[in-house]
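Colleague: Here it is, the structure in full.
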Amino acid sequence: MKFKFNNVLITGAAGFIGYHLSKRLLENGCSVTGIDNLNPYYDVSLKKARLEMLTPFENFSFFKIDISDKEVMGKIFKSSHFDVVVNLAAQAGVRYSLVNPQAYIDANIVGFVNILECCRHGDVEHLVFASSSSVYGANTKMPFSVHHNVDHPVSLYAASKKANELMSHTYSHLFGLSSTGLRFFTVYGPWGRPDMALFLFTKAILEKNPIKVFNHGRMQRDFTYIDDIIEGVVRVMGRPPEPDPTWNGDDPDPGTSYAKHKIYNIGNNNPVELMEFIATIEKELGKKAEKEFLDLQPGDVVATYADIDDLKKDFGFSPRTPIETGIKRFVTWYKDYYGYN
């Protein structure tokens, strides 16, 4: 595939989505500069292993940088002109935001405004950034639509992601920065994050430890396979948003704007019951899980379900990976990576 861009900066390049996106772009001939602070929120050796898969590419360069460091970030942007910047660097995790809120301010607020400033002064053609399904917070109308109001977050993580959307819109309004926010819905797959349910459940079942089943299993998630996510991101990268001439301040649509700014959901459009999800993992592993049923965790939501009509209409995006296929691929990777026979 020939892309409409060549020189790309990816923040959080050692992360789950960052690694897969970098690999896809590098395989298609793009020059990719990756930055990551390799923080110890989860196993740093996994992040380094991802990077080892990228370093053989001659068109890849990596810098260990924290996006909250304004001075160093400025130097990176002065060293090269980036056609597209994809910001995937963030302090992730809903539950951890109850324990260490400052980490979310440093990475998701301070770091993000540094990204915006660097894009503004670096004449970047398009900023694409990770938002989250978490922004829907206390909303209960399903499926979640970008045209719904999202002013009731239930975690600081969610609030920081909503703040990113507002901050990027401001820069689009004031400085003409083309920016697109992508609300990711429960991404999973090989090389995934160890704090996510699929990773935690697979590890616990193989080690014959109980799994924690929150809200007594009465949860739904719009699990989205990593390859589908990357396909959507790549399509969005190549087309900066245009102002919406139909936008009306008397009846403001949250999903679009008079500025060069757009928000999309990127999900599987097919929520899965948590108990069905666990049963699929059990089937693939050939082992039953010992389940510890617990109450809903503070900051969690009961269900997520993505309305992806806008992404379909504008980019022809359609997820292709059923949950059974995705879990099978993850389990195969997990057993290989961690040495299970």
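Residues are referred to by chain and number: the chain letter is A, B, ... according to the order shown in the structure tokens, the number counts from 1 in that chain, and ligands are numbered separately from 1 in the order shown.
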Residues of stretch 43-111 of chain A within 10 Å of stretch 130-154 of chain A: nearest atom pair and distance (Å, one decimal) for each, counting only C-alpha atoms, sorted by chain and number, as a tab-separated table?
Modeller:
```
residue	atom	partner	partner_atom	distance
A:Val86	CA	A:Ala130	CA	7.9
A:Asn87	CA	A:Ala130	CA	6.3
A:Leu88	CA	A:Ala130	CA	5.5
A:Ala89	CA	A:Ala130	CA	8.3
A:Ala90	CA	A:Ala130	CA	8.5
A:Ala92	CA	A:Ser132	CA	9.9
A:Gly93	CA	A:Ser134	CA	9.9
A:Val94	CA	A:Ser134	CA	8.2
```
Colleague: Compile the contact shell of stretch 20-35 of chain A as a PyMOL selection string: residues with an atom at most 6 Å away, counting only C-alpha atoms, same-chain residues fewer than 4 positions apart removed.
Modeller: chain A and resi 6-13+59-65+230
Colleague: Let's have the selection written as a PDB file, in the first residue's frame, with C-alpha atoms.
Modeller:
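Now in again-v4.pdb:
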```
ATOM      1  CA  ASN A   6       6.228   9.363   4.347  1.00  0.00           C
ATOM      2  CA  ASN A   7       7.812  10.744   7.521  1.00  0.00           C
ATOM      3  CA  VAL A   8       5.883   9.855  10.690  1.00  0.00           C
ATOM      4  CA  LEU A   9       6.477  10.420  14.393  1.00  0.00           C
ATOM      5  CA  ILE A  10       4.874   7.874  16.713  1.00  0.00           C
ATOM      6  CA  THR A  11       4.865   8.528  20.433  1.00  0.00           C
ATOM      7  CA  GLY A  12       4.490   5.477  22.641  1.00  0.00           C
ATOM      8  CA  ALA A  13       6.207   3.411  19.941  1.00  0.00           C
ATOM      9  CA  ASN A  59      13.804   3.381   8.174  1.00  0.00           C
ATOM     10  CA  PHE A  60      13.199   3.275  11.961  1.00  0.00           C
ATOM     11  CA  SER A  61      14.839   5.465  14.585  1.00  0.00           C
ATOM     12  CA  PHE A  62      14.055   5.431  18.288  1.00  0.00           C
ATOM     13  CA  PHE A  63      14.606   7.880  21.133  1.00  0.00           C
ATOM     14  CA  LYS A  64      13.918   7.263  24.803  1.00  0.00           C
ATOM     15  CA  ILE A  65      12.037  10.448  25.621  1.00  0.00           C
ATOM     16  CA  ILE A 230      -4.208  -0.473  12.876  1.00  0.00           C
TER      17      ILE A 230
END
```
Colleague: Using only C-alpha atoms, can you tell me which of A:Arg193, A:His81, A:Lys203, A:Lys70 comes closest to A:Phe16?
Modeller: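 Of all the options, A:Arg193 lies closest to A:Phe16.
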Colleague: Pick from A:Ile263, A:Ile327, A:Leu174, A:Met237: nearest to A:Glu276, with only C-alpha atoms counted?
Modeller: A:Ile327
Colleague: Write out as an mmCIF file with N, CA and C atoms, in the first residue's frame each polymer residue whose atoms come within 9 Å of stretch 73-78 of chain A, counting only C-alpha atoms; drop sequence neighbours fewer than 3 positions from it.
Modeller:
```cif
data_model
loop_
_atom_site.group_PDB
_atom_site.id
_atom_site.type_symbol
_atom_site.label_atom_id
_atom_site.label_comp_id
_atom_site.auth_asym_id
_atom_site.auth_seq_id
_atom_site.Cartn_x
_atom_site.Cartn_y
_atom_site.Cartn_z
ATOM 1 N N LEU A 9 6.049 10.535 13.000
ATOM 2 C CA LEU A 9 6.477 10.420 14.393
ATOM 3 C C LEU A 9 5.397 9.678 15.164
ATOM 4 N N PHE A 63 14.036 7.049 20.083
ATOM 5 C CA PHE A 63 14.606 7.880 21.133
ATOM 6 C C PHE A 63 13.832 7.648 22.430
ATOM 7 N N ILE A 65 12.426 9.079 25.275
ATOM 8 C CA ILE A 65 12.037 10.448 25.621
ATOM 9 C C ILE A 65 10.696 10.423 26.338
ATOM 10 N N ASP A 66 10.545 11.316 27.291
ATOM 11 C CA ASP A 66 9.257 11.513 27.947
ATOM 12 C C ASP A 66 8.579 12.719 27.313
ATOM 13 N N ILE A 67 7.354 12.553 26.848
ATOM 14 C CA ILE A 67 6.686 13.660 26.152
ATOM 15 C C ILE A 67 6.403 14.852 27.063
ATOM 16 N N SER A 68 6.518 14.659 28.370
ATOM 17 C CA SER A 68 6.328 15.787 29.289
ATOM 18 C C SER A 68 7.570 16.686 29.358
ATOM 19 N N ASP A 69 8.660 16.277 28.714
ATOM 20 C CA ASP A 69 9.890 17.071 28.655
ATOM 21 C C ASP A 69 9.822 17.997 27.437
ATOM 22 N N LYS A 70 9.402 19.200 27.683
ATOM 23 C CA LYS A 70 9.159 20.160 26.601
ATOM 24 C C LYS A 70 10.405 20.445 25.773
ATOM 25 N N HIS A 81 11.116 17.188 9.719
ATOM 26 C CA HIS A 81 9.739 17.612 9.480
ATOM 27 C C HIS A 81 8.867 16.371 9.351
ATOM 28 N N PHE A 82 7.891 16.255 10.234
ATOM 29 C CA PHE A 82 7.006 15.095 10.224
ATOM 30 C C PHE A 82 5.713 15.436 9.482
ATOM 31 N N ASN A 114 2.485 19.605 25.094
ATOM 32 C CA ASN A 114 3.784 19.682 24.418
ATOM 33 C C ASN A 114 3.681 19.162 22.988
ATOM 34 N N ILE A 115 2.943 18.073 22.793
ATOM 35 C CA ILE A 115 2.705 17.543 21.440
ATOM 36 C C ILE A 115 2.017 18.600 20.571
ATOM 37 N N GLU A 117 1.946 21.875 20.920
ATOM 38 C CA GLU A 117 2.838 22.995 20.642
ATOM 39 C C GLU A 117 3.870 22.637 19.579
ATOM 40 N N CYS A 118 4.411 21.429 19.679
ATOM 41 C CA CYS A 118 5.409 20.990 18.702
ATOM 42 C C CYS A 118 4.794 20.834 17.315
ATOM 43 N N CYS A 119 3.582 20.318 17.252
ATOM 44 C CA CYS A 119 2.894 20.186 15.958
ATOM 45 C C CYS A 119 2.594 21.555 15.363
ATOM 46 N N HIS A 121 4.182 24.478 15.884
ATOM 47 C CA HIS A 121 5.381 25.175 15.420
ATOM 48 C C HIS A 121 6.151 24.375 14.382
ATOM 49 N N GLY A 122 5.872 23.066 14.292
ATOM 50 C CA GLY A 122 6.572 22.223 13.325
ATOM 51 C C GLY A 122 5.837 22.046 12.024
#
```
Colleague: Between A:Pro243, A:Gly286, A:Pro194, A:Gly238, which has the minimum distance to A:Gly176 (counting only C-alpha atoms)?
Modeller: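 Once distances to A:Gly176 are computed over only C-alpha atoms, the minimum belongs to A:Pro243.
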Colleague: From a DSSP calculation on the backbone, collect every residue of stretch 226-319 of chain A in alpha helix (DSSP H) and output the set as a PyMOL selection string.
Modeller: chain A and resi 226-237+274-285+309-315
Colleague: Could you tell me, as a PyMOL selection string, which residues of stretch 64-182 of chain A DSSP assigns to strand (DSSP E) when given the backbone?
Modeller: chain A and resi 64+84-87+126-132+179-182
Colleague: Mind dumping the selected residues with all heavy atoms as an mmCIF file, in the first residue's frame?
Modeller:
```cif
data_model
loop_
_atom_site.group_PDB
_atom_site.id
_atom_site.type_symbol
_atom_site.label_atom_id
_atom_site.label_comp_id
_atom_site.auth_asym_id
_atom_site.auth_seq_id
_atom_site.Cartn_x
_atom_site.Cartn_y
_atom_site.Cartn_z
ATOM 1 N N LYS A 64 14.555 7.397 23.495
ATOM 2 C CA LYS A 64 13.918 7.263 24.803
ATOM 3 C C LYS A 64 13.678 8.656 25.362
ATOM 4 O O LYS A 64 14.591 9.327 25.831
ATOM 5 C CB LYS A 64 14.786 6.443 25.756
ATOM 6 C CG LYS A 64 14.104 6.184 27.097
ATOM 7 C CD LYS A 64 14.983 5.418 28.069
ATOM 8 C CE LYS A 64 14.279 5.253 29.405
ATOM 9 N NZ LYS A 64 15.145 4.579 30.417
ATOM 10 N N VAL A 84 3.009 13.416 9.515
ATOM 11 C CA VAL A 84 1.946 13.024 10.437
ATOM 12 C C VAL A 84 2.565 12.689 11.786
ATOM 13 O O VAL A 84 3.631 12.062 11.847
ATOM 14 C CB VAL A 84 1.171 11.789 9.914
ATOM 15 C CG1 VAL A 84 0.062 11.396 10.886
ATOM 16 C CG2 VAL A 84 0.590 12.052 8.531
ATOM 17 N N VAL A 85 1.902 13.108 12.848
ATOM 18 C CA VAL A 85 2.275 12.711 14.208
ATOM 19 C C VAL A 85 1.133 11.889 14.778
ATOM 20 O O VAL A 85 -0.031 12.300 14.706
ATOM 21 C CB VAL A 85 2.543 13.941 15.105
ATOM 22 C CG1 VAL A 85 2.734 13.519 16.559
ATOM 23 C CG2 VAL A 85 3.765 14.705 14.606
ATOM 24 N N VAL A 86 1.463 10.715 15.314
ATOM 25 C CA VAL A 86 0.461 9.869 15.959
ATOM 26 C C VAL A 86 0.824 9.777 17.438
ATOM 27 O O VAL A 86 1.849 9.185 17.791
ATOM 28 C CB VAL A 86 0.396 8.461 15.334
ATOM 29 C CG1 VAL A 86 -0.735 7.660 15.986
ATOM 30 C CG2 VAL A 86 0.182 8.556 13.828
ATOM 31 N N ASN A 87 -0.003 10.390 18.271
ATOM 32 C CA ASN A 87 0.286 10.396 19.709
ATOM 33 C C ASN A 87 -0.421 9.228 20.397
ATOM 34 O O ASN A 87 -1.628 9.242 20.597
ATOM 35 C CB ASN A 87 -0.159 11.702 20.360
ATOM 36 C CG ASN A 87 0.185 11.715 21.839
ATOM 37 O OD1 ASN A 87 1.308 11.414 22.220
ATOM 38 N ND2 ASN A 87 -0.781 12.023 22.679
ATOM 39 N N HIS A 126 -0.887 16.712 10.004
ATOM 40 C CA HIS A 126 -1.997 15.999 10.629
ATOM 41 C C HIS A 126 -1.539 15.383 11.945
ATOM 42 O O HIS A 126 -0.561 14.643 11.980
ATOM 43 C CB HIS A 126 -2.505 14.897 9.692
ATOM 44 C CG HIS A 126 -3.804 14.285 10.108
ATOM 45 N ND1 HIS A 126 -4.292 13.112 9.541
ATOM 46 C CD2 HIS A 126 -4.737 14.650 11.023
ATOM 47 C CE1 HIS A 126 -5.451 12.803 10.084
ATOM 48 N NE2 HIS A 126 -5.745 13.722 10.993
ATOM 49 N N LEU A 127 -2.241 15.708 13.007
ATOM 50 C CA LEU A 127 -2.039 15.048 14.303
ATOM 51 C C LEU A 127 -3.183 14.062 14.520
ATOM 52 O O LEU A 127 -4.356 14.431 14.480
ATOM 53 C CB LEU A 127 -2.039 16.084 15.438
ATOM 54 C CG LEU A 127 -2.132 15.511 16.860
ATOM 55 C CD1 LEU A 127 -0.913 14.652 17.205
ATOM 56 C CD2 LEU A 127 -2.318 16.626 17.890
ATOM 57 N N VAL A 128 -2.820 12.802 14.725
ATOM 58 C CA VAL A 128 -3.785 11.770 15.084
ATOM 59 C C VAL A 128 -3.462 11.339 16.499
ATOM 60 O O VAL A 128 -2.293 11.071 16.819
ATOM 61 C CB VAL A 128 -3.689 10.553 14.131
ATOM 62 C CG1 VAL A 128 -4.689 9.475 14.534
ATOM 63 C CG2 VAL A 128 -3.921 10.990 12.687
ATOM 64 N N PHE A 129 -4.460 11.290 17.363
ATOM 65 C CA PHE A 129 -4.152 10.984 18.765
ATOM 66 C C PHE A 129 -5.148 9.991 19.344
ATOM 67 O O PHE A 129 -6.310 9.910 18.925
ATOM 68 C CB PHE A 129 -4.130 12.258 19.615
ATOM 69 C CG PHE A 129 -5.446 12.972 19.730
ATOM 70 C CD1 PHE A 129 -6.297 12.746 20.798
ATOM 71 C CD2 PHE A 129 -5.830 13.894 18.761
ATOM 72 C CE1 PHE A 129 -7.512 13.414 20.904
ATOM 73 C CE2 PHE A 129 -7.044 14.568 18.852
ATOM 74 C CZ PHE A 129 -7.887 14.323 19.930
ATOM 75 N N ALA A 130 -4.662 9.245 20.317
ATOM 76 C CA ALA A 130 -5.479 8.235 20.982
ATOM 77 C C ALA A 130 -6.366 8.880 22.028
ATOM 78 O O ALA A 130 -5.877 9.485 22.988
ATOM 79 C CB ALA A 130 -4.589 7.181 21.638
ATOM 80 N N SER A 131 -7.668 8.732 21.840
ATOM 81 C CA SER A 131 -8.616 8.996 22.910
ATOM 82 C C SER A 131 -9.052 7.623 23.421
ATOM 83 O O SER A 131 -8.322 6.639 23.283
ATOM 84 C CB SER A 131 -9.780 9.841 22.426
ATOM 85 O OG SER A 131 -10.609 10.214 23.523
ATOM 86 N N SER A 132 -10.234 7.529 24.013
ATOM 87 C CA SER A 132 -10.617 6.260 24.628
ATOM 88 C C SER A 132 -12.128 6.154 24.755
ATOM 89 O O SER A 132 -12.827 7.164 24.925
ATOM 90 C CB SER A 132 -9.988 6.161 26.028
ATOM 91 O OG SER A 132 -10.529 5.084 26.765
ATOM 92 N N SER A 179 -6.407 17.910 13.263
ATOM 93 C CA SER A 179 -6.245 16.878 14.290
ATOM 94 C C SER A 179 -7.456 15.947 14.315
ATOM 95 O O SER A 179 -8.600 16.385 14.166
ATOM 96 C CB SER A 179 -6.028 17.501 15.670
ATOM 97 O OG SER A 179 -7.100 18.333 16.044
ATOM 98 N N THR A 180 -7.163 14.672 14.523
ATOM 99 C CA THR A 180 -8.198 13.645 14.594
ATOM 100 C C THR A 180 -7.993 12.818 15.848
ATOM 101 O O THR A 180 -6.901 12.282 16.066
ATOM 102 C CB THR A 180 -8.154 12.715 13.368
ATOM 103 O OG1 THR A 180 -8.248 13.500 12.170
ATOM 104 C CG2 THR A 180 -9.290 11.709 13.421
ATOM 105 N N GLY A 181 -9.043 12.708 16.658
ATOM 106 C CA GLY A 181 -9.000 11.879 17.861
ATOM 107 C C GLY A 181 -9.707 10.560 17.627
ATOM 108 O O GLY A 181 -10.797 10.528 17.036
ATOM 109 N N LEU A 182 -9.092 9.480 18.058
ATOM 110 C CA LEU A 182 -9.665 8.146 17.886
ATOM 111 C C LEU A 182 -9.978 7.537 19.250
ATOM 112 O O LEU A 182 -9.076 7.333 20.073
ATOM 113 C CB LEU A 182 -8.679 7.241 17.138
ATOM 114 C CG LEU A 182 -8.322 7.682 15.715
ATOM 115 C CD1 LEU A 182 -7.257 6.775 15.127
ATOM 116 C CD2 LEU A 182 -9.561 7.701 14.832
#
```
Colleague: Go through A:Val113, A:Lys260, A:Arg235, A:Arg218 one by one, measure the shortest atom-to-atom distance of each to A:Trp247 using only C-alpha atoms, and give the residue with the smallest value.
Modeller: A:Lys260
Colleague: Need to verify the contact set: A:Tyr225, 6 Å, only C-alpha atoms, exclusion of same-chain residues closer than 3 positions in sequence. Can you return it as a ChimeraX atom specification?
Modeller: /A:187-189,228
Colleague: The selected residues should be written to file as a PDB file, in the first residue's frame (atoms: C-alpha atoms).
Modeller:
```
ATOM      1  CA  VAL A 187      -7.904  -3.281  22.020  1.00  0.00           C
ATOM      2  CA  TYR A 188      -6.478  -6.812  22.286  1.00  0.00           C
ATOM      3  CA  GLY A 189      -4.140  -9.160  20.444  1.00  0.00           C
ATOM      4  CA  ASP A 228      -8.474  -3.915  12.773  1.00  0.00           C
TER       5      ASP A 228
END
```
Colleague: Between A:Lys212, A:Lys162, A:His261, A:Arg95, which one has atoms that come closest to A:Ile109, using only C-alpha atoms?
Modeller: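 So, comparing all the options, the nearest one is A:Lys162.
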Colleague: Contacts of A:Ser97 at 12 Å or less, counting only C-alpha atoms, minus same-chain residues fewer than 2 places along, as a ChimeraX atom specification?
Modeller: /A:41,90-95,99-105,107-108,154-160,298-300
Colleague: Selected residues, N, CA and C atoms, written as a PDB file, in the first residue's frame, please.
Modeller:
```pdb
ATOM      1  N   TYR A  41       5.129   1.128  34.233  1.00  0.00           N
ATOM      2  CA  TYR A  41       3.729   0.844  34.550  1.00  0.00           C
ATOM      3  C   TYR A  41       3.429  -0.640  34.358  1.00  0.00           C
ATOM      4  N   ALA A  90       0.779   7.742  26.567  1.00  0.00           N
ATOM      5  CA  ALA A  90      -0.153   8.171  27.614  1.00  0.00           C
ATOM      6  C   ALA A  90       0.030   7.284  28.825  1.00  0.00           C
ATOM      7  N   GLN A  91      -0.383   7.800  29.962  1.00  0.00           N
ATOM      8  CA  GLN A  91      -0.510   6.917  31.119  1.00  0.00           C
ATOM      9  C   GLN A  91      -1.853   6.223  30.990  1.00  0.00           C
ATOM     10  N   ALA A  92      -1.804   4.920  30.779  1.00  0.00           N
ATOM     11  CA  ALA A  92      -3.019   4.155  30.541  1.00  0.00           C
ATOM     12  C   ALA A  92      -3.564   3.573  31.835  1.00  0.00           C
ATOM     13  N   GLY A  93      -4.768   3.013  31.734  1.00  0.00           N
ATOM     14  CA  GLY A  93      -5.351   2.282  32.848  1.00  0.00           C
ATOM     15  C   GLY A  93      -6.329   3.109  33.669  1.00  0.00           C
ATOM     16  N   VAL A  94      -7.546   2.594  33.808  1.00  0.00           N
ATOM     17  CA  VAL A  94      -8.566   3.264  34.617  1.00  0.00           C
ATOM     18  C   VAL A  94      -8.270   3.111  36.103  1.00  0.00           C
ATOM     19  N   ARG A  95      -8.002   1.899  36.544  1.00  0.00           N
ATOM     20  CA  ARG A  95      -7.858   1.635  37.979  1.00  0.00           C
ATOM     21  C   ARG A  95      -6.621   2.292  38.566  1.00  0.00           C
ATOM     22  N   VAL A  99      -4.937   5.426  41.986  1.00  0.00           N
ATOM     23  CA  VAL A  99      -3.777   5.246  42.861  1.00  0.00           C
ATOM     24  C   VAL A  99      -2.723   6.320  42.631  1.00  0.00           C
ATOM     25  N   ASN A 100      -2.496   6.665  41.360  1.00  0.00           N
ATOM     26  CA  ASN A 100      -1.427   7.603  41.010  1.00  0.00           C
ATOM     27  C   ASN A 100      -1.935   8.652  40.022  1.00  0.00           C
ATOM     28  N   PRO A 101      -2.780   9.565  40.490  1.00  0.00           N
ATOM     29  CA  PRO A 101      -3.369  10.546  39.570  1.00  0.00           C
ATOM     30  C   PRO A 101      -2.339  11.465  38.922  1.00  0.00           C
ATOM     31  N   GLN A 102      -1.254  11.753  39.620  1.00  0.00           N
ATOM     32  CA  GLN A 102      -0.270  12.693  39.078  1.00  0.00           C
ATOM     33  C   GLN A 102       0.340  12.201  37.775  1.00  0.00           C
ATOM     34  N   ALA A 103       0.481  10.869  37.647  1.00  0.00           N
ATOM     35  CA  ALA A 103       1.051  10.307  36.419  1.00  0.00           C
ATOM     36  C   ALA A 103       0.199  10.661  35.210  1.00  0.00           C
ATOM     37  N   TYR A 104      -1.111  10.772  35.398  1.00  0.00           N
ATOM     38  CA  TYR A 104      -2.032  11.082  34.300  1.00  0.00           C
ATOM     39  C   TYR A 104      -1.948  12.556  33.902  1.00  0.00           C
ATOM     40  N   ILE A 105      -1.709  13.409  34.891  1.00  0.00           N
ATOM     41  CA  ILE A 105      -1.541  14.835  34.595  1.00  0.00           C
ATOM     42  C   ILE A 105      -0.242  15.052  33.825  1.00  0.00           C
ATOM     43  N   ALA A 107       1.642  12.908  31.956  1.00  0.00           N
ATOM     44  CA  ALA A 107       1.702  12.326  30.613  1.00  0.00           C
ATOM     45  C   ALA A 107       0.563  12.795  29.722  1.00  0.00           C
ATOM     46  N   ASN A 108      -0.663  12.759  30.255  1.00  0.00           N
ATOM     47  CA  ASN A 108      -1.835  12.958  29.405  1.00  0.00           C
ATOM     48  C   ASN A 108      -2.233  14.425  29.249  1.00  0.00           C
ATOM     49  N   VAL A 154     -16.030   9.021  34.627  1.00  0.00           N
ATOM     50  CA  VAL A 154     -16.059   8.368  35.943  1.00  0.00           C
ATOM     51  C   VAL A 154     -14.669   7.945  36.402  1.00  0.00           C
ATOM     52  N   SER A 155     -13.637   8.434  35.718  1.00  0.00           N
ATOM     53  CA  SER A 155     -12.259   8.207  36.159  1.00  0.00           C
ATOM     54  C   SER A 155     -11.404   9.368  35.687  1.00  0.00           C
ATOM     55  N   LEU A 156     -10.283   9.598  36.366  1.00  0.00           N
ATOM     56  CA  LEU A 156      -9.375  10.662  35.943  1.00  0.00           C
ATOM     57  C   LEU A 156      -8.770  10.334  34.576  1.00  0.00           C
ATOM     58  N   TYR A 157      -8.535   9.065  34.319  1.00  0.00           N
ATOM     59  CA  TYR A 157      -8.039   8.658  33.002  1.00  0.00           C
ATOM     60  C   TYR A 157      -8.999   9.140  31.907  1.00  0.00           C
ATOM     61  N   ALA A 158     -10.283   8.868  32.101  1.00  0.00           N
ATOM     62  CA  ALA A 158     -11.287   9.293  31.128  1.00  0.00           C
ATOM     63  C   ALA A 158     -11.315  10.808  30.988  1.00  0.00           C
ATOM     64  N   ALA A 159     -11.222  11.514  32.115  1.00  0.00           N
ATOM     65  CA  ALA A 159     -11.233  12.976  32.081  1.00  0.00           C
ATOM     66  C   ALA A 159     -10.026  13.514  31.315  1.00  0.00           C
ATOM     67  N   SER A 160      -8.878  12.861  31.473  1.00  0.00           N
ATOM     68  CA  SER A 160      -7.675  13.312  30.766  1.00  0.00           C
ATOM     69  C   SER A 160      -7.813  13.111  29.258  1.00  0.00           C
ATOM     70  N   PRO A 298     -14.378   0.862  41.275  1.00  0.00           N
ATOM     71  CA  PRO A 298     -14.540   2.304  41.060  1.00  0.00           C
ATOM     72  C   PRO A 298     -13.866   2.740  39.756  1.00  0.00           C
ATOM     73  N   GLY A 299     -14.552   3.558  38.978  1.00  0.00           N
ATOM     74  CA  GLY A 299     -14.007   4.039  37.715  1.00  0.00           C
ATOM     75  C   GLY A 299     -14.367   3.188  36.520  1.00  0.00           C
ATOM     76  N   ASP A 300     -14.825   1.948  36.751  1.00  0.00           N
ATOM     77  CA  ASP A 300     -15.210   1.065  35.652  1.00  0.00           C
ATOM     78  C   ASP A 300     -16.617   1.383  35.146  1.00  0.00           C
TER      79      ASP A 300
END
```
Colleague: So that I can check the surroundings of A:Glu282, please list as a ChimeraX atom specification every protein, DNA and RNA residue that reaches within 12 Å of it, counting only C-alpha atoms and ignoring chain neighbours fewer than 3 positions away.
Modeller: /A:198,201-206,208,211,275-279,285-291,324,327-328,331
Colleague: Using only C-alpha atoms, which of A:Gly249, A:Ala49, A:Tyr19, A:Glu58 sits nearest A:Asp227?
Modeller: A:Tyr19
